[in-house]
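Visitor: So here's target38.pdb, just PDB, C-alpha atoms:
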```
ATOM      1  CA  MET A 114      44.700   8.010 -23.828
ATOM      2  CA  THR A 115      41.190   9.377 -23.300
ATOM      3  CA  MET A 116      39.759  10.821 -26.506
ATOM      4  CA  ARG A 117      37.485  13.849 -26.398
ATOM      5  CA  LYS A 118      34.471  13.814 -28.700
ATOM      6  CA  TRP A 119      33.228  16.825 -30.591
ATOM      7  CA  GLY A 120      29.613  17.956 -30.182
ATOM      8  CA  ARG A 121      27.425  19.305 -33.001
ATOM      9  CA  ALA A 122      28.244  22.913 -32.149
ATOM     10  CA  GLY A 123      31.957  22.235 -32.277
ATOM     11  CA  TYR A 124      32.509  22.154 -28.497
ATOM     12  CA  ARG A 125      34.534  19.406 -26.938
ATOM     13  CA  ILE A 126      32.555  16.993 -24.744
ATOM     14  CA  ALA A 127      34.464  16.034 -21.611
ATOM     15  CA  PRO A 128      34.670  12.334 -20.809
ATOM     16  CA  LYS A 129      32.230  11.026 -18.212
ATOM     17  CA  CYS A 130      33.424  11.034 -14.635
ATOM     18  CA  PHE A 131      32.801   7.815 -12.767
ATOM     19  CA  PHE A 132      33.731   9.117  -9.302
ATOM     20  CA  THR A 133      30.816   9.842  -6.945
ATOM     21  CA  ALA A 134      31.182  11.783  -3.711
ATOM     22  CA  LEU A 135      30.376   9.502  -0.801
ATOM     23  CA  PRO A 136      28.069  10.885   1.888
ATOM     24  CA  THR A 137      29.796  11.712   5.157
ATOM     25  CA  HIS A 138      28.269  10.214   8.282
ATOM     26  CA  ARG A 139      28.114  12.581  11.210
ATOM     27  CA  LEU A 140      28.209  11.283  14.738
ATOM     28  CA  PRO A 141      25.004  11.804  16.731
ATOM     29  CA  GLU A 142      25.047  14.933  18.887
ATOM     30  CA  TRP A 143      24.896  12.786  22.026
ATOM     31  CA  TRP A 144      27.943  10.671  21.103
ATOM     32  CA  PRO A 145      30.256  10.186  24.127
ATOM     33  CA  SER A 146      34.053  10.100  24.102
ATOM     34  CA  TRP A 147      34.883   6.869  25.932
ATOM     35  CA  GLU A 148      38.043   5.717  24.172
ATOM     36  CA  GLY A 149      40.135   3.414  26.329
ATOM     37  CA  GLU A 150      37.601   3.271  29.176
ATOM     38  CA  THR A 151      36.075   0.302  30.981
ATOM     39  CA  LEU A 152      32.321   0.019  30.433
ATOM     40  CA  VAL A 153      29.819  -1.759  32.679
ATOM     41  CA  ILE A 154      26.492  -2.679  31.066
ATOM     42  CA  VAL A 155      23.801  -3.484  33.618
ATOM     43  CA  ALA A 156      21.027  -5.632  32.152
ATOM     44  CA  SER A 157      17.978  -6.855  34.061
ATOM     45  CA  GLY A 158      18.627 -10.561  34.649
ATOM     46  CA  PRO A 159      18.007 -11.750  38.235
ATOM     47  CA  SER A 160      21.745 -12.037  38.915
ATOM     48  CA  ALA A 161      22.144  -8.253  38.587
ATOM     49  CA  GLY A 162      20.423  -7.763  41.927
ATOM     50  CA  GLY A 163      23.353  -9.347  43.755
ATOM     51  CA  VAL A 164      26.147  -7.375  42.092
ATOM     52  CA  PRO A 165      27.737  -4.423  43.966
ATOM     53  CA  ILE A 166      27.307  -2.003  41.058
ATOM     54  CA  GLU A 167      28.294   0.904  43.321
ATOM     55  CA  MET A 168      31.893  -0.276  42.964
ATOM     56  CA  ALA A 169      31.847   0.906  39.344
ATOM     57  CA  ARG A 170      31.181   4.491  40.330
ATOM     58  CA  GLY A 171      34.187   6.582  39.392
ATOM     59  CA  ARG A 172      35.995   3.546  37.972
ATOM     60  CA  ALA A 173      34.047   2.851  34.800
ATOM     61  CA  LYS A 174      31.417   4.175  32.454
ATOM     62  CA  VAL A 175      27.993   2.632  33.050
ATOM     63  CA  ILE A 176      25.008   1.920  30.822
ATOM     64  CA  ALA A 177      21.854   0.802  32.637
ATOM     65  CA  ILE A 178      19.124  -1.028  30.731
ATOM     66  CA  ASN A 179      15.456  -0.409  31.511
ATOM     67  CA  ASN A 180      14.696  -0.617  35.267
ATOM     68  CA  SER A 181      18.322  -1.371  36.060
ATOM     69  CA  TRP A 182      18.939   2.367  36.300
ATOM     70  CA  GLU A 183      17.524   1.930  39.822
ATOM     71  CA  LEU A 184      20.634  -0.134  40.654
ATOM     72  CA  ALA A 185      22.825   2.683  39.346
ATOM     73  CA  PRO A 186      20.884   5.968  39.336
ATOM     74  CA  TRP A 187      24.196   7.744  38.685
ATOM     75  CA  ALA A 188      24.814   5.751  35.454
ATOM     76  CA  ASP A 189      26.055   7.616  32.396
ATOM     77  CA  ILE A 190      23.395   6.239  30.052
ATOM     78  CA  LEU A 191      19.906   4.782  30.428
ATOM     79  CA  PHE A 192      18.995   2.637  27.424
ATOM     80  CA  ALA A 193      15.563   1.148  26.708
ATOM     81  CA  CYS A 194      14.758   0.003  23.189
ATOM     82  CA  ASP A 195      10.984  -0.206  23.689
ATOM     83  CA  ALA A 196       8.868   2.946  23.271
ATOM     84  CA  LYS A 197       6.275   1.418  25.598
ATOM     85  CA  TRP A 198       8.835   1.374  28.413
ATOM     86  CA  TRP A 199       9.471   5.099  28.041
ATOM     87  CA  ASP A 200       5.743   5.805  27.853
ATOM     88  CA  ARG A 201       4.977   3.679  30.902
ATOM     89  CA  HIS A 202       7.717   5.457  32.889
ATOM     90  CA  GLN A 203       6.854   8.908  31.546
ATOM     91  CA  GLY A 204      10.337   9.406  30.121
ATOM     92  CA  CYS A 205      11.958   8.439  33.450
ATOM     93  CA  PRO A 206      12.351  12.044  34.677
ATOM     94  CA  ASP A 207      14.350  11.056  37.759
ATOM     95  CA  PHE A 208      17.267   9.821  35.665
ATOM     96  CA  GLU A 209      19.664  12.685  34.990
ATOM     97  CA  GLY A 210      22.102  11.081  32.534
ATOM     98  CA  LEU A 211      21.874  10.490  28.791
ATOM     99  CA  LYS A 212      18.785   8.573  27.652
ATOM    100  CA  LEU A 213      18.716   6.487  24.466
ATOM    101  CA  CYS A 214      16.107   4.545  22.497
ATOM    102  CA  ILE A 215      15.762   3.023  19.012
ATOM    103  CA  GLU A 216      12.159   4.145  18.434
ATOM    104  CA  LYS A 217      11.829   7.673  17.056
ATOM    105  CA  PRO A 218       8.314   8.394  18.393
ATOM    106  CA  ALA A 219       9.499   7.799  21.964
ATOM    107  CA  CYS A 220      12.612   9.889  21.335
ATOM    108  CA  LYS A 221      10.471  12.813  20.217
ATOM    109  CA  ARG A 222       7.910  12.451  23.007
ATOM    110  CA  TRP A 223      10.419  12.246  25.831
ATOM    111  CA  GLY A 224      13.496  14.070  24.523
ATOM    112  CA  VAL A 225      15.503  10.850  24.268
ATOM    113  CA  GLY A 226      18.540  10.401  22.000
ATOM    114  CA  HIS A 227      17.914   8.215  18.968
ATOM    115  CA  VAL A 228      19.963   5.130  18.078
ATOM    116  CA  THR A 229      19.443   3.683  14.592
ATOM    117  CA  CYS A 230      18.644  -0.037  14.711
ATOM    118  CA  MET A 231      18.814  -2.210  11.587
ATOM    119  CA  LYS A 232      15.853  -4.388  12.593
ATOM    120  CA  PRO A 233      15.538  -7.307  11.794
ATOM    121  CA  ASP A 234      19.244  -7.603  10.899
ATOM    122  CA  ASP A 235      21.092  -9.374  13.743
ATOM    123  CA  ARG A 236      24.580  -8.519  12.504
ATOM    124  CA  PHE A 237      26.956  -6.595  14.756
ATOM    125  CA  PHE A 238      27.672  -3.186  13.187
ATOM    126  CA  HIS A 239      30.988  -1.346  13.385
ATOM    127  CA  GLU A 240      29.905   1.435  11.033
ATOM    128  CA  PRO A 241      28.199   3.815  10.802
ATOM    129  CA  LYS A 242      28.604   4.876  14.399
ATOM    130  CA  GLY A 243      25.294   5.086  16.219
ATOM    131  CA  THR A 244      23.794   2.266  14.149
ATOM    132  CA  VAL A 245      23.321  -1.122  15.795
ATOM    133  CA  GLY A 246      22.097  -4.563  14.831
ATOM    134  CA  TRP A 247      18.778  -5.877  16.085
ATOM    135  CA  GLY A 248      19.620  -8.939  18.166
ATOM    136  CA  GLY A 249      16.131  -8.846  19.680
ATOM    137  CA  ASN A 250      17.067  -7.043  22.902
ATOM    138  CA  SER A 251      18.563  -3.957  24.522
ATOM    139  CA  GLY A 252      21.531  -5.942  25.803
ATOM    140  CA  PHE A 253      22.663  -6.545  22.222
ATOM    141  CA  HIS A 254      22.190  -2.878  21.312
ATOM    142  CA  CYS A 255      24.222  -1.673  24.283
ATOM    143  CA  LEU A 256      27.048  -4.112  23.618
ATOM    144  CA  ASN A 257      27.149  -2.955  19.989
ATOM    145  CA  LEU A 258      27.225   0.689  21.084
ATOM    146  CA  GLY A 259      29.883   0.041  23.713
ATOM    147  CA  VAL A 260      32.282  -1.371  21.141
ATOM    148  CA  GLN A 261      31.598   1.587  18.849
ATOM    149  CA  PHE A 262      32.323   3.987  21.719
ATOM    150  CA  GLY A 263      35.912   2.748  21.648
ATOM    151  CA  VAL A 264      36.118   1.305  25.156
ATOM    152  CA  LYS A 265      38.862  -1.213  25.872
ATOM    153  CA  ARG A 266      36.893  -3.509  28.183
ATOM    154  CA  ILE A 267      33.211  -4.312  28.787
ATOM    155  CA  LEU A 268      31.771  -5.989  31.887
ATOM    156  CA  LEU A 269      28.371  -7.601  31.372
ATOM    157  CA  VAL A 270      26.092  -7.617  34.420
ATOM    158  CA  GLY A 271      22.704  -9.333  34.499
ATOM    159  CA  TYR A 272      23.141 -10.944  31.069
ATOM    160  CA  ASP A 273      21.593 -14.200  32.326
ATOM    161  CA  MET A 274      19.922 -15.178  29.032
ATOM    162  CA  HIS A 275      17.456 -17.604  30.601
ATOM    163  CA  ILE A 276      14.480 -17.338  32.951
ATOM    164  CA  LYS A 277      15.180 -20.326  35.209
ATOM    165  CA  ASN A 278      15.908 -17.956  38.105
ATOM    166  CA  GLY A 279      13.101 -15.526  37.331
ATOM    167  CA  LEU A 280      12.297 -12.869  34.752
ATOM    168  CA  HIS A 281      14.242  -9.864  36.061
ATOM    169  CA  TRP A 282      15.974  -8.782  39.268
ATOM    170  CA  HIS A 283      12.951  -6.507  39.838
ATOM    171  CA  GLY A 284      10.316  -9.114  38.960
ATOM    172  CA  SER A 285       7.896  -8.692  36.065
ATOM    173  CA  HIS A 286       7.627  -5.482  34.093
ATOM    174  CA  LEU A 287       4.636  -3.267  34.812
ATOM    175  CA  SER A 288       1.313  -3.984  33.118
ATOM    176  CA  GLY A 289       1.364  -3.391  29.353
ATOM    177  CA  LEU A 290       5.077  -4.175  28.951
ATOM    178  CA  ASN A 291       6.565  -7.351  27.537
ATOM    179  CA  ASN A 292       8.257  -9.945  29.723
ATOM    180  CA  PRO A 293      10.671 -12.541  28.305
ATOM    181  CA  THR A 294       9.809 -16.151  27.557
ATOM    182  CA  ALA A 295      12.326 -18.997  27.555
ATOM    183  CA  GLY A 296      12.299 -18.799  23.756
ATOM    184  CA  ASN A 297      13.065 -15.062  23.811
ATOM    185  CA  ALA A 298      16.008 -15.580  26.150
ATOM    186  CA  GLU A 299      17.488 -18.350  23.996
ATOM    187  CA  ARG A 300      17.133 -16.217  20.870
ATOM    188  CA  TRP A 301      18.943 -13.366  22.641
ATOM    189  CA  ARG A 302      21.713 -15.706  23.772
ATOM    190  CA  LYS A 303      22.304 -16.890  20.233
ATOM    191  CA  SER A 304      22.512 -13.380  18.797
ATOM    192  CA  LEU A 305      24.902 -12.207  21.509
ATOM    193  CA  ASP A 306      27.136 -15.265  21.212
ATOM    194  CA  ALA A 307      27.209 -14.852  17.437
ATOM    195  CA  ALA A 308      28.534 -11.301  17.870
ATOM    196  CA  HIS A 309      31.723 -12.415  19.615
ATOM    197  CA  LYS A 310      33.664 -12.882  16.364
ATOM    198  CA  GLU A 311      33.035  -9.302  15.276
ATOM    199  CA  ILE A 312      33.893  -7.980  18.724
ATOM    200  CA  ALA A 313      37.138  -9.976  18.743
ATOM    201  CA  LYS A 314      38.257  -8.102  15.607
ATOM    202  CA  THR A 315      38.265  -4.849  17.584
ATOM    203  CA  GLY A 316      40.388  -6.117  20.466
ATOM    204  CA  VAL A 317      37.735  -5.138  23.025
ATOM    205  CA  GLU A 318      37.713  -7.502  26.002
ATOM    206  CA  VAL A 319      34.231  -8.608  27.088
ATOM    207  CA  LEU A 320      33.809 -10.303  30.475
ATOM    208  CA  ASN A 321      30.586 -11.939  31.630
ATOM    209  CA  CYS A 322      29.931 -11.126  35.298
ATOM    210  CA  SER A 323      26.774 -13.177  35.607
ATOM    211  CA  PRO A 324      27.589 -16.448  37.405
ATOM    212  CA  ILE A 325      24.391 -18.055  36.077
ATOM    213  CA  SER A 326      24.604 -16.746  32.506
ATOM    214  CA  ALA A 327      23.838 -19.046  29.580
ATOM    215  CA  LEU A 328      26.187 -17.095  27.285
ATOM    216  CA  GLN A 329      28.935 -19.343  25.951
ATOM    217  CA  LYS A 330      31.402 -17.075  24.130
ATOM    218  CA  TYR A 331      32.464 -14.582  26.796
ATOM    219  CA  PRO A 332      34.753 -15.509  29.730
ATOM    220  CA  LYS A 333      33.097 -15.352  33.128
ATOM    221  CA  ALA A 334      34.509 -13.160  35.865
ATOM    222  CA  VAL A 335      33.637 -12.008  39.378
ATOM    223  CA  PHE A 336      32.584  -8.357  39.211
ATOM    224  CA  GLU A 337      34.425  -7.366  42.371
ATOM    225  CA  ASP A 338      37.668  -8.828  40.981
ATOM    226  CA  VAL A 339      37.652  -7.079  37.621
ATOM    227  CA  ILE A 340      36.088  -3.667  38.203
TER
END
```
For this file, write the structure as structure tokens.
Guide:
Amino acid sequence: MTMRKWGRAGYRIAPKCFFTALPTHRLPEWWPSWEGETLVIVASGPSAGGVPIEMARGRAKVIAINNSWELAPWADILFACDAKWWDRHQGCPDFEGLKLCIEKPACKRWGVGHVTCMKPDDRFFHEPKGTVGWGGNSGFHCLNLGVQFGVKRILLVGYDMHIKNGLHWHGSHLSGLNNPTAGNAERWRKSLDAAHKEIAKTGVEVLNCSPISALQKYPKAVFEDVI
């Protein structure tokens, strides 16, 4: 039984309450409803240039990373984690879909939706929605978001994770932007492969449609066969 104490003025003092109201996390205003969909994520590895991305139009949701929006100008989302990319491309005015970035200054300058990134934490985040792990690259961020969006299947395009065949399908980035080194690519591979255990818990199927990819934890597939 909880005993009530008496204060000096004769009033009863209620026992302390140890329950604290937890803050509610609201979804970002830009949050899409993609439950049960197939998602294609188009990264910038050289292999992406040979994939018939047009086949995904009307069949799947599409996220294009950086310059890969040029392969799918009709994509649902353009994602670029680096503020310098948005600055160099002046906010990419020709892209008409949703634009996302992890750097708030770029989001404010160019009217881009903000994704919270837990840099330098490489863990794969399930909650809160709209918060992703670092992983060192946009490909990790988009995969993390895709799982949070509730899709049932994700097709990875251009996730080569090495530079043996070149830097990107479009060549080097423009002056002032970073280009990957072999060390960068290997670091990205490790973070993406490490995420497969967390993704497996959700039941989301992830297929790797890069025939030259160095990723080890995601089954390879031919894009034309699985889209």
Visitor: Can you pull out every residue within 7 Å of segment 229-243 of chain A, counting only C-alpha atoms, but drop anything in the same chain fewer than 6 positions away, and send it as a CSV table (one decimal) with C-alpha atoms, in the frame of the given file?
Guide:
```csv
chain,number,residue,atom,x,y,z
A,138,HIS,CA,28.3,10.2,8.3
A,140,LEU,CA,28.2,11.3,14.7
A,141,PRO,CA,25.0,11.8,16.7
A,215,ILE,CA,15.8,3.0,19.0
A,257,ASN,CA,27.1,-3.0,20.0
A,258,LEU,CA,27.2,0.7,21.1
A,261,GLN,CA,31.6,1.6,18.8
A,304,SER,CA,22.5,-13.4,18.8
A,308,ALA,CA,28.5,-11.3,17.9
A,311,GLU,CA,33.0,-9.3,15.3
```
Visitor: So which one's closest to Asp273 of chain A, A:Gly316, A:Gly296, A:Gly248, A:Pro159? Using only C-alpha atoms, please.
Guide: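 Between A:Gly316, A:Gly296, A:Gly248, A:Pro159, the residue approaching Asp273 of chain A most closely is A:Pro159.
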Visitor: A:Val335, A:Ala185, A:Leu305, A:Cys214: which is nearest Gly249 of chain A, counting all atoms listed in the file?
Guide: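 Ranking A:Val335, A:Ala185, A:Leu305, A:Cys214 by distance to Gly249 of chain A, first place goes to A:Leu305.
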Visitor: So, with all atoms listed in the file as the atoms that count, which of A:Pro293, A:Gly279, A:Gly271, A:Gly210 lies closest to Ile190 of chain A?
Guide: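 Distance minimum relative to Ile190 of chain A lands on A:Gly210.
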Visitor: Evaluate the PyMOL selection byres ((chain A and resi 256) around 12) against this structure - the residues, as a CSV table (one decimal) with C-alpha atoms, in the frame of the given file, please.
Guide:
```csv
chain,number,residue,atom,x,y,z
A,152,LEU,CA,32.3,0.0,30.4
A,153,VAL,CA,29.8,-1.8,32.7
A,154,ILE,CA,26.5,-2.7,31.1
A,155,VAL,CA,23.8,-3.5,33.6
A,156,ALA,CA,21.0,-5.6,32.2
A,175,VAL,CA,28.0,2.6,33.0
A,176,ILE,CA,25.0,1.9,30.8
A,177,ALA,CA,21.9,0.8,32.6
A,178,ILE,CA,19.1,-1.0,30.7
A,192,PHE,CA,19.0,2.6,27.4
A,237,PHE,CA,27.0,-6.6,14.8
A,238,PHE,CA,27.7,-3.2,13.2
A,239,HIS,CA,31.0,-1.3,13.4
A,243,GLY,CA,25.3,5.1,16.2
A,244,THR,CA,23.8,2.3,14.1
A,245,VAL,CA,23.3,-1.1,15.8
A,246,GLY,CA,22.1,-4.6,14.8
A,247,TRP,CA,18.8,-5.9,16.1
A,248,GLY,CA,19.6,-8.9,18.2
A,250,ASN,CA,17.1,-7.0,22.9
A,251,SER,CA,18.6,-4.0,24.5
A,252,GLY,CA,21.5,-5.9,25.8
A,253,PHE,CA,22.7,-6.5,22.2
A,254,HIS,CA,22.2,-2.9,21.3
A,255,CYS,CA,24.2,-1.7,24.3
A,257,ASN,CA,27.1,-3.0,20.0
A,258,LEU,CA,27.2,0.7,21.1
A,259,GLY,CA,29.9,0.0,23.7
A,260,VAL,CA,32.3,-1.4,21.1
A,261,GLN,CA,31.6,1.6,18.8
A,262,PHE,CA,32.3,4.0,21.7
A,263,GLY,CA,35.9,2.7,21.6
A,264,VAL,CA,36.1,1.3,25.2
A,266,ARG,CA,36.9,-3.5,28.2
A,267,ILE,CA,33.2,-4.3,28.8
A,268,LEU,CA,31.8,-6.0,31.9
A,269,LEU,CA,28.4,-7.6,31.4
A,270,VAL,CA,26.1,-7.6,34.4
A,272,TYR,CA,23.1,-10.9,31.1
A,304,SER,CA,22.5,-13.4,18.8
A,305,LEU,CA,24.9,-12.2,21.5
A,306,ASP,CA,27.1,-15.3,21.2
A,308,ALA,CA,28.5,-11.3,17.9
A,309,HIS,CA,31.7,-12.4,19.6
A,311,GLU,CA,33.0,-9.3,15.3
A,312,ILE,CA,33.9,-8.0,18.7
A,317,VAL,CA,37.7,-5.1,23.0
A,318,GLU,CA,37.7,-7.5,26.0
A,319,VAL,CA,34.2,-8.6,27.1
A,320,LEU,CA,33.8,-10.3,30.5
A,321,ASN,CA,30.6,-11.9,31.6
```
Visitor: Have a look at A:Trp282, A:Trp199, A:Trp182, A:Trp143 and name the one nearest to Ala161 of chain A; count only C-alpha atoms.
Guide: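 Nearest to Ala161 of chain A: A:Trp282.
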Visitor: Separation of atom CA of Lys265 of chain A and atom CA of Pro332 of chain A, in Å?
Guide: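 That distance, rounded to one decimal, is 15.4 Å.
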Visitor: Considering only C-alpha atoms, state which residue in the set A:Trp301, A:Trp144, A:Trp187, A:Tyr331 is at the smallest distance from Phe208 of chain A.
Guide: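 Residue with the minimum atom-to-atom distance to Phe208 of chain A: A:Trp187.
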Visitor: Could you work out an axis-aligned box for segment 225-237 of chain A, taking every atom the file lists and adding 5 Å on each side, and report centre and edge lengths in Å to one decimal, as AutoDock Vina command-line options?
Guide:
```
--center_x 21.2 --center_y 0.7 --center_z 17.6 --size_x 21.5 --size_y 30.2 --size_z 23.4
```
Visitor: Using atom CA of Asp200 of chain A and atom CA of Gly162 of chain A as the two end points, give the distance in Å to one decimal.
Guide: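 If I compute the distance from atom CA of Asp200 of chain A to atom CA of Gly162 of chain A, I get 24.4 Å.
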Visitor: So that I can check the surroundings of Glu299 of chain A, please list as a PyMOL selection string every protein, DNA and RNA residue that reaches within 8 Å of it, counting all atoms listed in the file and ignoring chain neighbours fewer than 3 positions away.
Guide: chain A and resi 274-275+295-296+302-303
Visitor: Using only C-alpha atoms, pick whichever of A:Cys220, A:Arg201, A:Asn297, A:Pro206 has the shortest atom-to-atom distance to Pro186 of chain A.
Guide: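 Distance minimum relative to Pro186 of chain A lands on A:Pro206.
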Visitor: So what do you get for atom CA of Pro165 of chain A versus atom CA of Leu184 of chain A, distance-wise?
Guide: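 Between atom CA of Pro165 of chain A and atom CA of Leu184 of chain A the gap works out to 8.9 Å.
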Visitor: If you apply the PyMOL selection byres ((chain A and resi 170) around 10) to this file, what residues do you get, as a compact mmCIF listing (two decimals) with C-alpha atoms, in the coordinates of the input?
Guide:
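As written to disk, out.txt reads:
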```
# COMPACT_ATOMS: atom_id res chain seq x y z
CA VAL A 153 29.82 -1.76 32.68
CA ILE A 166 27.31 -2.00 41.06
CA GLU A 167 28.29 0.90 43.32
CA MET A 168 31.89 -0.28 42.96
CA ALA A 169 31.85 0.91 39.34
CA GLY A 171 34.19 6.58 39.39
CA ARG A 172 35.99 3.55 37.97
CA ALA A 173 34.05 2.85 34.80
CA LYS A 174 31.42 4.18 32.45
CA VAL A 175 27.99 2.63 33.05
CA ALA A 185 22.82 2.68 39.35
CA TRP A 187 24.20 7.74 38.68
CA ALA A 188 24.81 5.75 35.45
CA ASP A 189 26.06 7.62 32.40
CA ILE A 340 36.09 -3.67 38.20
```
Visitor: Expand the PyMOL selection byres ((chain A and resi 217) around 9) into the explicit residue set it covers here, and present it as a ChimeraX atom specification.
Guide: /A:196,214-216,218-222,225-229
Visitor: Suppose we keep C-alpha atoms; can you now write the selection as a PDB file, keeping the file's coordinate frame?
Guide:
```pdb
ATOM      1  CA  ALA A 196       8.868   2.946  23.271  1.00  0.00           C
ATOM      2  CA  CYS A 214      16.107   4.545  22.497  1.00  0.00           C
ATOM      3  CA  ILE A 215      15.762   3.023  19.012  1.00  0.00           C
ATOM      4  CA  GLU A 216      12.159   4.145  18.434  1.00  0.00           C
ATOM      5  CA  PRO A 218       8.314   8.394  18.393  1.00  0.00           C
ATOM      6  CA  ALA A 219       9.499   7.799  21.964  1.00  0.00           C
ATOM      7  CA  CYS A 220      12.612   9.889  21.335  1.00  0.00           C
ATOM      8  CA  LYS A 221      10.471  12.813  20.217  1.00  0.00           C
ATOM      9  CA  ARG A 222       7.910  12.451  23.007  1.00  0.00           C
ATOM     10  CA  VAL A 225      15.503  10.850  24.268  1.00  0.00           C
ATOM     11  CA  GLY A 226      18.540  10.401  22.000  1.00  0.00           C
ATOM     12  CA  HIS A 227      17.914   8.215  18.968  1.00  0.00           C
ATOM     13  CA  VAL A 228      19.963   5.130  18.078  1.00  0.00           C
ATOM     14  CA  THR A 229      19.443   3.683  14.592  1.00  0.00           C
TER      15      THR A 229
END
```
Visitor: So that I can check the surroundings of Leu290 of chain A, please list as a list in words every protein, DNA and RNA residue that reaches within 9 Å of it, counting only C-alpha atoms and ignoring chain neighbours fewer than 5 positions away.
Guide: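 So the residues in contact are Asp195, Lys197, Trp198, Arg201 and Ser285 of chain A.
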Visitor: Can you spit out segment 191-245 of chain A with C-alpha atoms, as a PDB file, in the first residue's frame, from the structure just given?
Guide:
```pdb
ATOM      1  CA  LEU A 191      16.115  12.765 -56.091  1.00  0.00           C
ATOM      2  CA  PHE A 192      18.472  12.211 -53.160  1.00  0.00           C
ATOM      3  CA  ALA A 193      21.897  13.820 -52.721  1.00  0.00           C
ATOM      4  CA  CYS A 194      23.464  13.886 -49.273  1.00  0.00           C
ATOM      5  CA  ASP A 195      26.097  16.522 -50.081  1.00  0.00           C
ATOM      6  CA  ALA A 196      25.169  20.219 -49.856  1.00  0.00           C
ATOM      7  CA  LYS A 197      27.912  20.980 -52.379  1.00  0.00           C
ATOM      8  CA  TRP A 198      26.105  18.864 -54.975  1.00  0.00           C
ATOM      9  CA  TRP A 199      22.920  20.893 -54.572  1.00  0.00           C
ATOM     10  CA  ASP A 200      24.876  24.148 -54.695  1.00  0.00           C
ATOM     11  CA  ARG A 201      26.817  23.105 -57.785  1.00  0.00           C
ATOM     12  CA  HIS A 202      23.572  22.120 -59.550  1.00  0.00           C
ATOM     13  CA  GLN A 203      21.635  25.145 -58.301  1.00  0.00           C
ATOM     14  CA  GLY A 204      19.025  22.978 -56.598  1.00  0.00           C
ATOM     15  CA  CYS A 205      18.503  20.913 -59.777  1.00  0.00           C
ATOM     16  CA  PRO A 206      15.489  22.939 -60.987  1.00  0.00           C
ATOM     17  CA  ASP A 207      14.746  20.594 -63.889  1.00  0.00           C
ATOM     18  CA  PHE A 208      13.838  17.739 -61.555  1.00  0.00           C
ATOM     19  CA  GLU A 209      10.145  17.905 -60.702  1.00  0.00           C
ATOM     20  CA  GLY A 210       9.849  15.184 -58.045  1.00  0.00           C
ATOM     21  CA  LEU A 211      10.631  15.204 -54.330  1.00  0.00           C
ATOM     22  CA  LYS A 212      14.168  16.301 -53.439  1.00  0.00           C
ATOM     23  CA  LEU A 213      15.932  15.172 -50.257  1.00  0.00           C
ATOM     24  CA  CYS A 214      19.212  15.949 -48.499  1.00  0.00           C
ATOM     25  CA  ILE A 215      20.754  15.420 -45.045  1.00  0.00           C
ATOM     26  CA  GLU A 216      22.335  18.884 -44.772  1.00  0.00           C
ATOM     27  CA  LYS A 217      19.990  21.566 -43.445  1.00  0.00           C
ATOM     28  CA  PRO A 218      21.715  24.573 -45.070  1.00  0.00           C
ATOM     29  CA  ALA A 219      21.193  23.064 -48.528  1.00  0.00           C
ATOM     30  CA  CYS A 220      17.599  22.179 -47.658  1.00  0.00           C
ATOM     31  CA  LYS A 221      16.893  25.789 -46.735  1.00  0.00           C
ATOM     32  CA  ARG A 222      18.721  27.272 -49.724  1.00  0.00           C
ATOM     33  CA  TRP A 223      17.067  25.086 -52.331  1.00  0.00           C
ATOM     34  CA  GLY A 224      13.730  24.096 -50.785  1.00  0.00           C
ATOM     35  CA  VAL A 225      14.816  20.477 -50.349  1.00  0.00           C
ATOM     36  CA  GLY A 226      13.251  18.067 -47.835  1.00  0.00           C
ATOM     37  CA  HIS A 227      15.452  17.276 -44.853  1.00  0.00           C
ATOM     38  CA  VAL A 228      16.441  13.757 -43.781  1.00  0.00           C
ATOM     39  CA  THR A 229      18.043  13.408 -40.341  1.00  0.00           C
ATOM     40  CA  CYS A 230      21.344  11.520 -40.505  1.00  0.00           C
ATOM     41  CA  MET A 231      23.011  10.152 -37.365  1.00  0.00           C
ATOM     42  CA  LYS A 232      26.552  10.840 -38.599  1.00  0.00           C
ATOM     43  CA  PRO A 233      28.979   9.185 -37.812  1.00  0.00           C
ATOM     44  CA  ASP A 234      26.787   6.289 -36.614  1.00  0.00           C
ATOM     45  CA  ASP A 235      26.741   3.551 -39.287  1.00  0.00           C
ATOM     46  CA  ARG A 236      23.851   1.606 -37.770  1.00  0.00           C
ATOM     47  CA  PHE A 237      20.725   0.973 -39.829  1.00  0.00           C
ATOM     48  CA  PHE A 238      17.783   2.810 -38.226  1.00  0.00           C
ATOM     49  CA  HIS A 239      14.201   1.554 -38.161  1.00  0.00           C
ATOM     50  CA  GLU A 240      12.961   4.363 -35.922  1.00  0.00           C
ATOM     51  CA  PRO A 241      12.328   7.230 -35.845  1.00  0.00           C
ATOM     52  CA  LYS A 242      11.085   7.401 -39.403  1.00  0.00           C
ATOM     53  CA  GLY A 243      13.032   9.884 -41.490  1.00  0.00           C
ATOM     54  CA  THR A 244      16.237   9.259 -39.534  1.00  0.00           C
ATOM     55  CA  VAL A 245      18.997   7.250 -41.195  1.00  0.00           C
TER      56      VAL A 245
END
```
